[in-house]
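K.L.:
Before anything else, here's the structure in question.
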Amino acid sequence: MLKAFIKAARLRTLPLSLSGIIIGSFLAYANGFFNWKICVLALLTTIGFQVLSNFANDYGDGVKGTDNAERVGPVRALQSGVVSAKQMLTAIKITGGLTFLIALGLIYASFGKSHWIYFLVFLVLGIVSIIAAVKYTMGNKAYGYSGYGDIFVFLFFGLLSVVGSYFLYAKQIDYTIFLPATAVGLLSTGVLNLNNMRDQESDAKANKRTLVVKIGGEFAKYYHYYLLISAFLITLLYAMLQYNSVKQLLFVIAFIPIFKHLFTVYQNNDAKLLDPELKKLALSTFLFAILFGLGHVL
């Protein structure tokens, strides 16, 4: 049973979810605001949100019948029958509760009692994040079934992750940080788009109206190119605006496999072949976060 839940947690998705926190933390370090306690708690909170989202996704798609024999991706916990709906729902509640407690610790470690307005704002953001993680596929009005998943991924994996984590350290906002935050958001949205391209046929049959189902596979490819190329150009713009050293261009290395991935997507006519590309793009985004951050602290 434990093995089934570990598999349902989809550990391969964690590097992508941590990418925004890594960039926010590196930028905070570069500007003299870094704090290890905040860093560790922020990483743990993000892991909690991601695992919660993965459990909820497994449950939502499982009870709706979206995860079925026609699905291209790996078999899910509910779909396989190893975990019951009741057991997964219990796991969701426990994970959500623990994540909320860790998030409270993070907010208190950052703001204490002296910045109570910031404390309340981030408390609300934490609650909203939990709701967003659960409502992606769960419930009658799951936003992932209406084509709004891309917007939420961009906001939570990009803007909130980078800008929010930086604010936890600095208690202030450098507005240029919205550029790398946007880049991470676009790359993360690219991972979701790739996932939806892979699942287009099964999603359409299950009435899961993702953006890919709405616009079609061919337009989804062009959308994919736009997301990833825009991420590169926006990061390059940030590097030019904040240029101090050629080391700040280290992030370009991460775009070598990303552009190779784009060529693979361009040539692809078989959805099954997109599944290995998910891992490649997610890890490339994680590499981007590491190299981008190192470029600002070395």
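By convention in this document, the chains of the structure tokens carry letters A, B, ... by their order, each chain's residues are numbered from 1, and ligands are numbered from 1 in the order they are shown.
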Which neighbours of range 285-295 of chain A fall inside 8 Å, counting only C-alpha atoms, when residues of the same chain fewer than 3 positions from it are skipped, and could you give them as a list in words?
P.N.:
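Listed by chain and then number, they are Pro15, Leu16, Leu18, Ser19, Gly20, Ile22, Ile23, Phe26, Leu27, Val184, Leu187, Ser188, Lys247, Gln248, Leu249, Leu250, Phe251, Val252, Ile253, Ala254, Phe255, Leu281, Ala282 and Leu298 of chain A.
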K.L.:
Write out as a list in words the residues lying within 10 Å of Ser84 in chain A, counting only C-alpha atoms and excluding same-chain residues fewer than 5 positions away.
P.N.:
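So the residues in contact are Tyr59, Gly62, Val63, Ala77, Leu78, Gln79, Leu89 and Thr90 of chain A.
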K.L.:
Export, as a CSV table (one decimal), in the first residue's frame, the selected residues with C-alpha atoms.
P.N.:
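That gives us result.csv:
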chain,number,residue,atom,x,y,z
A,59,TYR,CA,-8.6,10.8,-7.2
A,62,GLY,CA,-10.1,8.2,-11.2
A,63,VAL,CA,-13.7,8.7,-9.9
A,77,ALA,CA,-3.4,4.3,-8.2
A,78,LEU,CA,-7.3,4.4,-8.4
A,79,GLN,CA,-7.3,3.3,-12.0
A,89,LEU,CA,-9.5,10.8,-0.1
A,90,THR,CA,-8.1,10.1,3.4
K.L.:
Quick one: distance from CA of Phe156 in chain A to CA of Gly185 in chain A in Å, one decimal?
P.N.:
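Atom-to-atom, CA of Phe156 in chain A and CA of Gly185 in chain A are spaced 7.8 Å apart.
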K.L.:
Expressed in Å to a single decimal, how great is the separation between CA of Tyr169 in chain A and CA of Ser17 in chain A?
P.N.:
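It comes out at 18.8 Å.
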K.L.:
For Ile117 in chain A, which residue among A:Asn54, A:Ser202, A:Lys171, A:Asp270 is the nearest when counting only C-alpha atoms?
P.N.:
A:Lys171
K.L.:
Which residues are close to range 208-220 of chain A, i.e. within 10 Å by only C-alpha atoms, leaving aside same-chain residues fewer than 5 positions away? Reply as a VMD selection string.
P.N.:
chain A and resid 61 64 66 137 142 to 150 192 to 203 225 to 226 266 269 271
K.L.:
Counting only C-alpha atoms, what are the residues of range 58-124 of chain A within 12 Å of range 38-42 of chain A, and for each of them which pair of atoms is the nearest and at what distance in Å, to one decimal? Sort the table by chain and rising number, as a Markdown table.
P.N.:
| residue | atom | partner | partner_atom | distance |
| --- | --- | --- | --- | --- |
| A:Thr99 | CA | A:Leu41 | CA | 10.2 |
| A:Phe100 | CA | A:Leu41 | CA | 11.5 |
| A:Leu101 | CA | A:Leu41 | CA | 10.5 |
| A:Ile102 | CA | A:Leu41 | CA | 6.8 |
| A:Ala103 | CA | A:Leu41 | CA | 7.4 |
| A:Leu104 | CA | A:Leu41 | CA | 9.5 |
| A:Gly105 | CA | A:Leu41 | CA | 7.3 |
| A:Leu106 | CA | A:Leu41 | CA | 5.3 |
| A:Ile107 | CA | A:Ile38 | CA | 8.4 |
| A:Tyr108 | CA | A:Ile38 | CA | 9.4 |
| A:Ala109 | CA | A:Ile38 | CA | 6.4 |
| A:Ser110 | CA | A:Ile38 | CA | 6.4 |
| A:Phe111 | CA | A:Ile38 | CA | 10.2 |
| A:Gly112 | CA | A:Ile38 | CA | 11.8 |
K.L.:
Between A:Ser129, A:Gln267, A:Asn207, A:Gln87, which one has atoms that come closest to Phe49 in chain A, using only C-alpha atoms?
P.N.:
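Ranking A:Ser129, A:Gln267, A:Asn207, A:Gln87 by distance to Phe49 in chain A, first place goes to A:Ser129.
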K.L.:
List the spatial neighbours of Leu98 in chain A as a PyMOL selection string - criterion: any atom at most 12 Å away, only C-alpha atoms, same-chain residues fewer than 5 positions off excluded.
P.N.:
chain A and resi 44-49+51-52+91-93+103-105+130
K.L.:
Which one of A:Ala183, A:Ala9, A:Leu278, A:Leu262 sits closest to Leu233 in chain A if you count only C-alpha atoms?
P.N.:
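Of A:Ala183, A:Ala9, A:Leu278, A:Leu262, the one nearest Leu233 in chain A, counting only C-alpha atoms, is A:Ala183.
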K.L.:
Give me the residues within 8 Å of Ser25 in chain A as a ChimeraX atom specification, counting only C-alpha atoms and dropping any in the same chain fewer than 4 places off.
P.N.:
/A:21,29,34,39,165-166,169
K.L.:
Check range 20-258 of chain A with DSSP on the backbone and list each residue it calls helix (DSSP H, G or I), as a ChimeraX atom specification.
P.N.:
/A:20-30,36-64,77-80,85-111,116-135,143-145,149-170,175-198,200-205,211-215,217-241,246-258
K.L.:
Please indicate the distance in Å from CA of Met138 in chain A to CA of Val153 in chain A, rounded to one decimal place.
P.N.:
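Computing the Euclidean distance for CA of Met138 in chain A and CA of Val153 in chain A yields 16.1 Å.
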K.L.:
Counting only C-alpha atoms, which of A:Gly60, A:Gly32, A:Pro257, A:Gly81 gets nearest to Gly139 in chain A?
P.N.:
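Nearest candidate to Gly139 in chain A out of A:Gly60, A:Gly32, A:Pro257, A:Gly81: A:Gly60.
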